[in-house]
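Q: What follows is the file final16.txt, containing compact mmCIF, C-alpha atoms:
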# COMPACT_ATOMS: atom_id res chain seq x y z
CA MET L 1 154.48 22.75 117.19
CA THR L 2 154.66 19.89 119.62
CA GLY L 3 156.69 21.93 122.09
CA ALA L 4 154.19 24.80 121.96
CA THR L 5 151.30 22.42 122.53
CA THR L 6 153.07 20.87 125.53
CA ALA L 7 153.82 24.28 127.02
CA ALA L 8 150.19 25.33 126.58
CA ALA L 9 148.99 22.15 128.29
CA MET L 10 151.24 22.60 131.36
CA PRO L 11 149.04 25.25 133.07
CA ASP L 12 146.03 22.94 132.68
CA VAL L 13 147.96 20.09 134.28
CA ARG L 14 149.03 22.27 137.18
CA ARG L 15 145.48 23.55 137.63
CA SER L 16 144.13 20.00 137.63
CA GLY L 17 146.76 18.97 140.15
CA ARG L 18 145.78 21.82 142.47
CA TRP L 19 142.11 20.82 142.26
CA VAL L 20 142.96 17.20 143.02
CA PHE L 21 145.06 18.31 145.98
CA ARG L 22 142.30 20.53 147.33
CA ALA L 23 139.72 17.78 146.87
CA GLY L 24 141.96 15.35 148.77
CA ILE L 25 142.37 17.83 151.63
CA ALA L 26 138.59 18.40 151.73
CA LEU L 27 137.89 14.66 151.83
CA LEU L 28 140.45 14.15 154.59
CA CYS L 29 138.96 16.97 156.68
CA ALA L 30 135.47 15.57 156.15
CA TRP L 31 136.65 12.08 157.12
CA VAL L 32 138.01 13.44 160.43
CA LEU L 33 135.55 16.20 161.30
CA VAL L 34 132.15 14.86 160.23
CA PRO L 35 132.09 11.95 162.74
CA ILE L 36 133.20 14.30 165.54
CA TRP L 37 130.51 16.81 164.56
CA LEU L 38 127.77 14.19 164.50
CA LEU L 39 128.96 12.84 167.85
CA MET L 40 128.79 16.29 169.41
CA VAL L 41 125.38 17.00 167.85
CA ASN L 42 123.91 13.89 169.45
CA ALA L 43 125.70 14.37 172.75
CA LEU L 44 124.33 17.93 173.05
CA SER L 45 120.77 17.06 172.04
CA ALA L 46 117.81 15.82 174.06
CA PRO L 47 117.30 12.02 174.25
CA ALA L 48 114.08 12.24 172.20
CA GLU L 49 115.92 14.14 169.45
CA VAL L 50 118.73 11.56 169.36
CA ALA L 51 116.27 8.69 168.87
CA GLY L 52 113.94 10.65 166.59
CA PHE L 53 113.85 11.06 162.83
CA PRO L 54 114.88 12.97 160.77
CA LYS L 55 118.28 13.39 162.35
CA ARG L 56 119.45 16.83 163.38
CA LEU L 57 122.52 18.51 161.91
CA TRP L 58 122.70 21.14 164.65
CA PRO L 59 122.63 20.51 168.41
CA SER L 60 119.82 21.80 170.61
CA PHE L 61 122.39 22.28 173.41
CA ASP L 62 120.50 20.08 175.84
CA LEU L 63 123.00 19.01 178.53
CA GLY L 64 120.74 16.41 180.10
CA SER L 65 122.56 13.39 178.62
CA LEU L 66 126.03 14.64 179.57
CA THR L 67 124.89 15.62 183.06
CA PHE L 68 123.33 12.22 183.66
CA PHE L 69 126.41 10.47 182.31
CA PHE L 70 128.90 12.31 184.52
CA ARG L 71 126.70 11.73 187.57
CA PHE L 72 126.58 8.01 186.83
CA ARG L 73 128.32 5.97 189.50
CA GLY L 74 131.92 5.18 188.63
CA VAL L 75 132.39 7.70 185.80
CA ALA L 76 134.37 10.23 187.86
CA GLU L 77 136.67 7.54 189.22
CA ALA L 78 137.23 6.07 185.75
CA LEU L 79 137.98 9.51 184.33
CA TRP L 80 140.53 10.15 187.07
CA ASN L 81 142.12 6.75 186.45
CA SER L 82 142.46 7.59 182.75
CA VAL L 83 144.19 10.86 183.59
CA GLN L 84 146.61 9.14 185.98
CA VAL L 85 147.46 6.33 183.58
CA ALA L 86 147.99 8.76 180.69
CA ALA L 87 150.24 10.98 182.83
CA VAL L 88 152.43 8.06 183.98
CA THR L 89 152.54 6.78 180.40
CA MET L 90 153.82 10.14 179.17
CA VAL L 91 156.57 10.23 181.80
CA LEU L 92 157.69 6.67 181.06
CA ALA L 93 157.53 7.01 177.28
CA ILE L 94 159.48 10.26 177.17
CA GLY L 95 161.86 9.28 179.99
CA LEU L 96 162.89 6.15 178.10
CA GLY L 97 162.23 7.18 174.48
CA ALA L 98 164.06 10.53 174.43
CA PRO L 99 167.45 9.14 175.60
CA ALA L 100 167.11 6.28 173.11
CA GLY L 101 166.30 8.71 170.30
CA TYR L 102 169.29 10.88 171.24
CA ALA L 103 171.62 7.87 171.27
CA LEU L 104 170.38 6.74 167.85
CA SER L 105 170.91 10.19 166.35
CA ARG L 106 174.34 10.94 167.85
CA PHE L 107 176.19 7.62 168.18
CA ASP L 108 177.19 4.84 165.83
CA PHE L 109 177.29 1.43 167.46
CA PRO L 110 177.03 -2.19 166.33
CA GLY L 111 173.44 -3.24 165.79
CA LYS L 112 172.09 0.30 165.46
CA GLU L 113 169.93 -0.45 162.43
CA ALA L 114 168.78 -3.74 163.96
CA PHE L 115 167.77 -1.85 167.09
CA ARG L 116 165.71 0.63 165.06
CA PHE L 117 164.05 -2.27 163.28
CA LEU L 118 163.27 -4.03 166.56
CA VAL L 119 161.74 -0.84 167.95
CA ILE L 120 159.31 -0.81 165.05
CA MET L 121 158.71 -4.56 165.31
CA THR L 122 157.33 -4.17 168.82
CA ARG L 123 154.19 -2.77 167.17
CA ALA L 124 153.85 -5.88 165.00
CA PHE L 125 152.58 -8.07 167.84
CA PRO L 126 148.82 -7.70 168.38
CA LEU L 127 147.91 -6.90 171.96
CA PRO L 128 145.22 -9.64 172.22
CA LEU L 129 147.98 -12.19 171.55
CA LEU L 130 149.87 -10.93 174.60
CA ALA L 131 146.82 -10.51 176.84
CA LEU L 132 146.96 -13.89 178.57
CA PRO L 133 150.70 -13.91 179.41
CA LEU L 134 150.47 -10.28 180.52
CA ALA L 135 147.53 -11.04 182.79
CA VAL L 136 149.32 -14.03 184.34
CA MET L 137 152.54 -12.06 184.85
CA PHE L 138 150.73 -9.08 186.35
CA ILE L 139 148.77 -11.28 188.75
CA ARG L 140 151.97 -12.97 189.95
CA THR L 141 153.78 -9.65 190.42
CA GLY L 142 150.84 -7.83 191.98
CA LEU L 143 150.56 -5.28 189.15
CA ASP L 144 147.09 -6.37 188.04
CA ASP L 145 144.33 -3.82 188.51
CA THR L 146 146.81 -1.02 189.27
CA ILE L 147 147.52 2.33 187.67
CA VAL L 148 151.26 1.60 187.38
CA GLY L 149 150.72 -1.81 185.77
CA LEU L 150 148.41 -0.46 183.10
CA ALA L 151 150.71 2.52 182.51
CA LEU L 152 153.59 0.11 181.86
CA VAL L 153 151.58 -1.58 179.11
CA HIS L 154 150.56 1.74 177.59
CA ALA L 155 154.14 3.00 177.77
CA THR L 156 155.23 -0.09 175.85
CA LEU L 157 152.73 0.81 173.14
CA ALA L 158 153.83 4.46 173.03
CA LEU L 159 157.59 3.88 173.33
CA PRO L 160 158.27 3.09 169.63
CA PHE L 161 156.64 6.37 168.57
CA ALA L 162 158.57 8.29 171.23
CA VAL L 163 161.89 6.77 170.12
CA LEU L 164 161.35 7.41 166.41
CA ILE L 165 159.96 10.93 166.86
CA THR L 166 162.78 12.05 169.16
CA TYR L 167 165.31 10.38 166.84
CA SER L 168 164.04 12.58 164.00
CA LEU L 169 164.11 15.64 166.26
CA PHE L 170 167.68 15.19 167.45
CA SER L 171 168.81 14.33 163.92
CA GLY L 172 167.42 17.68 162.78
CA ILE L 173 169.55 19.59 165.32
CA PRO L 174 173.11 20.10 163.99
CA VAL L 175 175.75 18.33 166.04
CA GLU L 176 178.02 21.33 165.42
CA LEU L 177 176.03 23.26 168.02
CA GLU L 178 176.98 20.73 170.68
CA GLU L 179 180.59 20.68 169.52
CA ALA L 180 180.72 24.47 169.82
CA ALA L 181 179.44 24.20 173.39
CA TRP L 182 182.12 21.58 174.16
CA THR L 183 184.86 23.91 172.92
CA LEU L 184 183.51 26.61 175.26
CA GLY L 185 183.93 24.37 178.30
CA CYS L 186 180.60 22.55 178.53
CA SER L 187 180.52 18.85 179.26
CA ARG L 188 178.32 16.61 177.08
CA PRO L 189 175.43 16.57 179.61
CA LYS L 190 175.63 20.33 180.13
CA ALA L 191 175.77 20.98 176.38
CA PHE L 192 172.69 18.80 175.96
CA VAL L 193 170.78 20.69 178.65
CA LYS L 194 171.87 24.15 177.53
CA VAL L 195 171.85 23.76 173.74
CA VAL L 196 169.99 20.70 172.47
CA LEU L 197 167.16 20.39 174.97
CA PRO L 198 165.70 23.90 174.44
CA LEU L 199 165.61 23.27 170.68
CA ALA L 200 164.08 19.80 171.01
CA LEU L 201 161.64 20.63 173.81
CA PRO L 202 158.68 21.43 171.50
CA GLY L 203 159.12 18.12 169.73
CA ILE L 204 159.49 16.24 173.01
CA ALA L 205 156.25 17.84 174.18
CA ALA L 206 154.61 16.69 170.94
CA SER L 207 155.86 13.16 171.59
CA ALA L 208 154.26 13.37 175.01
CA VAL L 209 150.99 14.30 173.30
CA PHE L 210 151.13 11.14 171.19
CA ALA L 211 151.82 9.06 174.30
CA PHE L 212 148.90 10.69 176.10
CA VAL L 213 146.49 10.05 173.23
CA ILE L 214 147.62 6.42 172.84
CA SER L 215 147.03 5.79 176.53
CA TRP L 216 143.76 7.72 176.61
CA ASN L 217 142.24 5.78 173.71
CA GLU L 218 143.54 2.30 174.56
CA VAL L 219 140.77 -0.06 175.66
CA PHE L 220 141.84 -3.71 175.31
CA ALA L 221 144.60 -3.81 177.93
CA ALA L 222 142.53 -1.63 180.25
CA ALA L 223 139.58 -4.02 179.97
CA VAL L 224 141.69 -7.16 180.50
CA LEU L 225 144.10 -6.00 183.22
CA THR L 226 141.77 -3.96 185.44
CA ILE L 227 138.62 -4.72 187.39
CA GLN L 228 138.11 -2.09 190.08
CA ASN L 229 140.45 0.61 188.73
CA ARG L 230 139.12 0.75 185.19
CA THR L 231 139.93 3.62 182.87
CA LEU L 232 137.14 5.52 181.15
CA THR L 233 137.44 3.52 177.93
CA ALA L 234 137.18 0.18 179.76
CA PHE L 235 134.35 1.53 181.92
CA LEU L 236 132.41 2.59 178.83
CA LEU L 237 132.99 -0.77 177.18
CA GLN L 238 131.61 -2.49 180.26
CA SER L 239 128.75 -0.18 181.20
CA LEU L 240 127.38 1.35 178.00
CA ASP L 241 126.95 -1.81 175.96
CA VAL L 242 123.24 -2.00 176.78
CA SER L 243 122.72 1.68 177.56
CA PRO L 244 120.36 3.98 175.65
CA LEU L 245 121.70 5.58 172.50
CA HIS L 246 121.93 9.10 173.94
CA LEU L 247 124.16 7.87 176.79
CA LYS L 248 126.46 6.15 174.33
CA PHE L 249 126.91 9.45 172.50
CA ALA L 250 127.50 11.21 175.82
CA GLY L 251 130.17 8.64 176.70
CA GLY L 252 131.82 9.09 173.32
CA ALA L 253 131.90 12.85 173.82
CA ALA L 254 133.42 12.37 177.28
CA LEU L 255 136.27 10.47 175.64
CA VAL L 256 136.80 12.80 172.69
CA ILE L 257 136.55 16.21 174.35
CA PRO L 258 139.50 15.90 176.81
CA ALA L 259 141.79 14.57 174.08
CA LEU L 260 140.79 17.40 171.70
CA VAL L 261 141.30 20.02 174.40
CA PHE L 262 144.71 18.61 175.29
CA ILE L 263 145.84 18.51 171.66
CA PHE L 264 144.53 22.03 171.03
CA ALA L 265 146.40 23.32 174.09
CA VAL L 266 149.74 21.98 172.83
CA ARG L 267 149.17 22.47 169.10
CA LYS L 268 152.06 24.95 168.81
CA TYR L 269 154.46 22.24 169.94
CA LEU L 270 153.16 19.91 167.23
CA PHE L 271 153.84 22.55 164.57
CA ALA L 272 157.26 23.28 166.09
CA MET L 273 158.12 19.57 166.00
CA TRP L 274 157.29 19.46 162.29
CA GLY L 275 159.68 22.33 161.64
CA ILE L 276 162.55 20.83 163.65
CA ALA L 277 162.20 17.34 162.18
CA ASN L 278 162.32 18.66 158.61
CA ARG L 279 165.43 20.82 158.89
What do you get writing this file as structure tokens?

A:
Amino acid sequence: MTGATTAAAMPDVRRSGRWVFRAGIALLCAWVLVPIWLLMVNALSAPAEVAGFPKRLWPSFDLGSLTFFFRFRGVAEALWNSVQVAAVTMVLAIGLGAPAGYALSRFDFPGKEAFRFLVIMTRAFPLPLLALPLAVMFIRTGLDDTIVGLALVHATLALPFAVLITYSLFSGIPVELEEAAWTLGCSRPKAFVKVVLPLALPGIAASAVFAFVISWNEVFAAAVLTIQNRTLTAFLLQSLDVSPLHLKFAGGAALVIPALVFIFAVRKYLFAMWGIANR
């Protein structure tokens, strides 16, 4: 009797679990999408509608706020600086992180686990704590208020993610494929280029996306280490503090839209990375 009752209750448990799972997914989507939607509604509405009440749930597609924002002095330069810093950050993070991830996945050496731990520990130090020594060092070396100097800081922030992501990617690619290439006459570098790299390239591109987003959204180092060559985030922090509400929404949209477009353009690489890392 007890066994029959338990068997009858199992479908109800599974059904409840599915509903809980779906509710969790719905809450997560709402948590991510609702703020973006409200930001876009206010950025694409007239200034009077942004300040008025009741609030709109659908934009009036008035481009006046965005047009005024992009014509504001310094915005175009700050946007270009953000693009340059993010691009250099991607190159540095992948150029240093991918070889480190490959070494961690393919070689055993003393201190390997300690190295992995130290890579993660680099994210344990808050950036404000390092702001003063960084500023002093950059001033002495001439890297203050430069694209390269800020990209070095952003690459340091993105490097742990690049190392760990590429480590998972290379670990998901069987080493037997490389060994087969070696037996056919390929050297280790050639086997990597011909066999491993094509399989890992989607995941490496996804790692580059993470590096780009980290650099694009970072504001503290950009605000402290730059004066004339500010990125868009630092420019907004400086200029929009006392600006009208509709310009603040326009500035937020100017930050969010390029990142969303970039991620959407490379979304297939993100999904491919997930498949490789879970083999």

Q: Contacts between range 198-213 of chain L and range 87-153 of chain L, please, where a residue of range 87-153 of chain L counts if it comes within 9 Å (with only C-alpha atoms); show its shortest atom pair and distance in Å to one decimal, rows by chain and ascending number, as JSON lines.

A:
{"residue": "L:Ala87", "atom": "CA", "partner": "L:Phe212", "partner_atom": "CA", "distance": 6.9}
{"residue": "L:Thr89", "atom": "CA", "partner": "L:Ala211", "partner_atom": "CA", "distance": 6.6}
{"residue": "L:Met90", "atom": "CA", "partner": "L:Ala208", "partner_atom": "CA", "distance": 5.3}
{"residue": "L:Val91", "atom": "CA", "partner": "L:Ala208", "partner_atom": "CA", "distance": 7.8}
{"residue": "L:Ala93", "atom": "CA", "partner": "L:Ala211", "partner_atom": "CA", "distance": 6.8}
{"residue": "L:Ile94", "atom": "CA", "partner": "L:Ala208", "partner_atom": "CA", "distance": 6.4}
{"residue": "L:Ala98", "atom": "CA", "partner": "L:Ile204", "partner_atom": "CA", "distance": 7.5}

Q: Write the residues of the preceding selection, restricted to C-alpha atoms, as a PDB file, keeping the file's coordinate frame.

A:
ATOM      1  CA  ALA L  87     150.240  10.980 182.830  1.00  0.00           C
ATOM      2  CA  THR L  89     152.540   6.780 180.400  1.00  0.00           C
ATOM      3  CA  MET L  90     153.820  10.140 179.170  1.00  0.00           C
ATOM      4  CA  VAL L  91     156.570  10.230 181.800  1.00  0.00           C
ATOM      5  CA  ALA L  93     157.530   7.010 177.280  1.00  0.00           C
ATOM      6  CA  ILE L  94     159.480  10.260 177.170  1.00  0.00           C
ATOM      7  CA  ALA L  98     164.060  10.530 174.430  1.00  0.00           C
TER       8      ALA L  98
END

Q: Could you list, as a PyMOL selection string, every residue within 12 Å of Pro128 in chain L, counting only C-alpha atoms and ignoring same-chain residues fewer than 3 positions away?

A: chain L and resi 124-125+131-135+219-225

Q: Kindly save the residues from that selection, with C-alpha atoms included, as a short mmCIF file (atom, residue, chain, number, x, y, z; two decimals), keeping the file's coordinate frame.

A:
data_model
loop_
_atom_site.label_atom_id
_atom_site.label_comp_id
_atom_site.auth_asym_id
_atom_site.auth_seq_id
_atom_site.Cartn_x
_atom_site.Cartn_y
_atom_site.Cartn_z
CA ALA L 124 153.85 -5.88 165.00
CA PHE L 125 152.58 -8.07 167.84
CA ALA L 131 146.82 -10.51 176.84
CA LEU L 132 146.96 -13.89 178.57
CA PRO L 133 150.70 -13.91 179.41
CA LEU L 134 150.47 -10.28 180.52
CA ALA L 135 147.53 -11.04 182.79
CA VAL L 219 140.77 -0.06 175.66
CA PHE L 220 141.84 -3.71 175.31
CA ALA L 221 144.60 -3.81 177.93
CA ALA L 222 142.53 -1.63 180.25
CA ALA L 223 139.58 -4.02 179.97
CA VAL L 224 141.69 -7.16 180.50
CA LEU L 225 144.10 -6.00 183.22
#

Q: Using all atoms listed in the file, which residue out of L:Ala250, L:Leu33, L:Ala103, L:Val20 lies closest to Asp62 in chain L?

A: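 That would be L:Ala250, the residue with the smallest distance to Asp62 in chain L.
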
Q: Counting all atoms listed in the file, I want the residues whose atoms come within 12 Å of (141.8, 14.5, 173.8) in the file frame, returned as a count of residues only.

A: 29

Q: Out of L:Gly74, L:Gly185, L:Pro174, L:Pro126, which residue has the shortest atom-to-atom distance to Leu232 in chain L when counting only C-alpha atoms?

A: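 The shortest atom-to-atom distance to Leu232 in chain L comes from L:Gly74.
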
Q: Enter the distance from CA of Phe53 in chain L to CA of Gly251 in chain L, in Å, rounded to one decimal.

A: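 These two atoms are separated by 21.6 Å.
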
Q: Find the residues around Val41 in chain L up to 6 Å (only C-alpha atoms counted), leave out those fewer than 2 positions away in its own chain, and share them as a PDB file with C-alpha atoms, keeping the file's coordinate frame.

A:
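Final output, saved to result-v4.pdb:
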ATOM      1  CA  LEU L  38     127.770  14.190 164.500  1.00  0.00           C
ATOM      2  CA  LEU L  39     128.960  12.840 167.850  1.00  0.00           C
ATOM      3  CA  ALA L  43     125.700  14.370 172.750  1.00  0.00           C
ATOM      4  CA  LEU L  44     124.330  17.930 173.050  1.00  0.00           C
ATOM      5  CA  TRP L  58     122.700  21.140 164.650  1.00  0.00           C
ATOM      6  CA  PRO L  59     122.630  20.510 168.410  1.00  0.00           C
TER       7      PRO L  59
END

Q: If we count all atoms listed in the file, what is near Thr146 in chain L at a cut-off of 7 Å, once residues fewer than 3 positions away on the same chain are taken out, given as a list of chain:residue names?

A: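 Result of the neighbour search: L:Leu143, L:Gly149, L:Leu150, L:Thr226, L:Asn229.
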
Q: I'd like the contact shell of Ser65 in chain L - 9 Å cut-off, all atoms listed in the file, skipping same-chain residues fewer than 5 positions apart - returned as number ranges by chain.

A: L: 43-47, 70, 246-247, 249-250

Q: So, counting all atoms listed in the file, which residue among L:Ala180, L:Asp144, L:Val195, L:Gly97 is closest to Phe161 in chain L?

A: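 Using all atoms listed in the file, the shortest distance to Phe161 in chain L belongs to L:Gly97.
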
Q: Mind giving me the straight-line distance from CA of Ser239 in chain L to CA of Asp145 in chain L in Å, one decimal?

A: 17.6 Å

Q: May I ask for the distance between CA of Ser105 in chain L and CA of Leu177 in chain L, given in Å to one decimal place?

A: 14.1 Å

Q: Rank L:Val50, L:Thr67, L:Arg116, L:Glu218 by their smallest atom-to-atom distance to Leu237 in chain L, using only C-alpha atoms, and report the top residue only.

A: L:Glu218

Q: L:Tyr167, L:Phe235, L:Phe69, L:Trp37: which is nearest Arg106 in chain L, counting all atoms listed in the file?

A: L:Tyr167

Q: Looking at L:Asn81, L:Ser171, L:Ser16, L:Ser60, which one is nearest to Thr233 in chain L, with distances taken over only C-alpha atoms?

A: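 Residue with the minimum atom-to-atom distance to Thr233 in chain L: L:Asn81.
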
Q: Kindly complete range 213-234 of chain L to N, CA and C atoms; the output should be written as a PDB file, in the coordinates of the input.

A:
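Below is the file that was written, out37.pdb:
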ATOM      1  N   VAL L 213     147.642  10.463 174.034  1.00  0.00           N
ATOM      2  CA  VAL L 213     146.490  10.050 173.230  1.00  0.00           C
ATOM      3  C   VAL L 213     146.433   8.528 173.095  1.00  0.00           C
ATOM      4  N   ILE L 214     147.592   7.881 172.925  1.00  0.00           N
ATOM      5  CA  ILE L 214     147.620   6.420 172.840  1.00  0.00           C
ATOM      6  C   ILE L 214     147.065   5.804 174.114  1.00  0.00           C
ATOM      7  N   SER L 215     147.506   6.321 175.261  1.00  0.00           N
ATOM      8  CA  SER L 215     147.030   5.790 176.530  1.00  0.00           C
ATOM      9  C   SER L 215     145.549   6.109 176.738  1.00  0.00           C
ATOM     10  N   TRP L 216     145.145   7.297 176.385  1.00  0.00           N
ATOM     11  CA  TRP L 216     143.760   7.720 176.610  1.00  0.00           C
ATOM     12  C   TRP L 216     142.779   6.880 175.804  1.00  0.00           C
ATOM     13  N   ASN L 217     143.156   6.504 174.597  1.00  0.00           N
ATOM     14  CA  ASN L 217     142.240   5.780 173.710  1.00  0.00           C
ATOM     15  C   ASN L 217     142.328   4.263 173.841  1.00  0.00           C
ATOM     16  N   GLU L 218     143.353   3.742 174.498  1.00  0.00           N
ATOM     17  CA  GLU L 218     143.540   2.300 174.560  1.00  0.00           C
ATOM     18  C   GLU L 218     142.454   1.653 175.422  1.00  0.00           C
ATOM     19  N   VAL L 219     141.891   0.566 174.954  1.00  0.00           N
ATOM     20  CA  VAL L 219     140.770  -0.060 175.660  1.00  0.00           C
ATOM     21  C   VAL L 219     141.021  -1.532 175.978  1.00  0.00           C
ATOM     22  N   PHE L 220     141.741  -2.259 175.120  1.00  0.00           N
ATOM     23  CA  PHE L 220     141.840  -3.710 175.310  1.00  0.00           C
ATOM     24  C   PHE L 220     142.602  -4.052 176.581  1.00  0.00           C
ATOM     25  N   ALA L 221     143.812  -3.514 176.737  1.00  0.00           N
ATOM     26  CA  ALA L 221     144.600  -3.810 177.930  1.00  0.00           C
ATOM     27  C   ALA L 221     143.892  -3.323 179.187  1.00  0.00           C
ATOM     28  N   ALA L 222     143.250  -2.155 179.083  1.00  0.00           N
ATOM     29  CA  ALA L 222     142.530  -1.630 180.250  1.00  0.00           C
ATOM     30  C   ALA L 222     141.381  -2.539 180.650  1.00  0.00           C
ATOM     31  N   ALA L 223     140.706  -3.139 179.672  1.00  0.00           N
ATOM     32  CA  ALA L 223     139.580  -4.020 179.970  1.00  0.00           C
ATOM     33  C   ALA L 223     140.046  -5.364 180.529  1.00  0.00           C
ATOM     34  N   VAL L 224     141.215  -5.836 180.086  1.00  0.00           N
ATOM     35  CA  VAL L 224     141.690  -7.160 180.500  1.00  0.00           C
ATOM     36  C   VAL L 224     142.411  -7.091 181.842  1.00  0.00           C
ATOM     37  N   LEU L 225     143.199  -6.037 182.071  1.00  0.00           N
ATOM     38  CA  LEU L 225     144.100  -6.000 183.220  1.00  0.00           C
ATOM     39  C   LEU L 225     143.536  -5.253 184.418  1.00  0.00           C
ATOM     40  N   THR L 226     142.347  -4.680 184.313  1.00  0.00           N
ATOM     41  CA  THR L 226     141.770  -3.960 185.440  1.00  0.00           C
ATOM     42  C   THR L 226     140.356  -4.461 185.712  1.00  0.00           C
ATOM     43  N   ILE L 227     139.975  -4.355 186.976  1.00  0.00           N
ATOM     44  CA  ILE L 227     138.620  -4.720 187.390  1.00  0.00           C
ATOM     45  C   ILE L 227     137.979  -3.570 188.176  1.00  0.00           C
ATOM     46  N   GLN L 228     138.626  -3.174 189.258  1.00  0.00           N
ATOM     47  CA  GLN L 228     138.110  -2.090 190.080  1.00  0.00           C
ATOM     48  C   GLN L 228     138.601  -0.721 189.585  1.00  0.00           C
ATOM     49  N   ASN L 229     139.843  -0.656 189.152  1.00  0.00           N
ATOM     50  CA  ASN L 229     140.450   0.610 188.730  1.00  0.00           C
ATOM     51  C   ASN L 229     140.413   0.750 187.213  1.00  0.00           C
ATOM     52  N   ARG L 230     139.254   0.661 186.646  1.00  0.00           N
ATOM     53  CA  ARG L 230     139.120   0.750 185.190  1.00  0.00           C
ATOM     54  C   ARG L 230     139.285   2.189 184.722  1.00  0.00           C
ATOM     55  N   THR L 231     139.877   2.316 183.519  1.00  0.00           N
ATOM     56  CA  THR L 231     139.930   3.620 182.870  1.00  0.00           C
ATOM     57  C   THR L 231     138.575   3.919 182.228  1.00  0.00           C
ATOM     58  N   LEU L 232     138.431   5.127 181.700  1.00  0.00           N
ATOM     59  CA  LEU L 232     137.140   5.520 181.150  1.00  0.00           C
ATOM     60  C   LEU L 232     136.770   4.676 179.941  1.00  0.00           C
ATOM     61  N   THR L 233     137.742   4.341 179.101  1.00  0.00           N
ATOM     62  CA  THR L 233     137.440   3.520 177.930  1.00  0.00           C
ATOM     63  C   THR L 233     136.938   2.137 178.333  1.00  0.00           C
ATOM     64  N   ALA L 234     137.616   1.502 179.296  1.00  0.00           N
ATOM     65  CA  ALA L 234     137.180   0.180 179.760  1.00  0.00           C
ATOM     66  C   ALA L 234     135.839   0.272 180.480  1.00  0.00           C
TER      67      ALA L 234
END
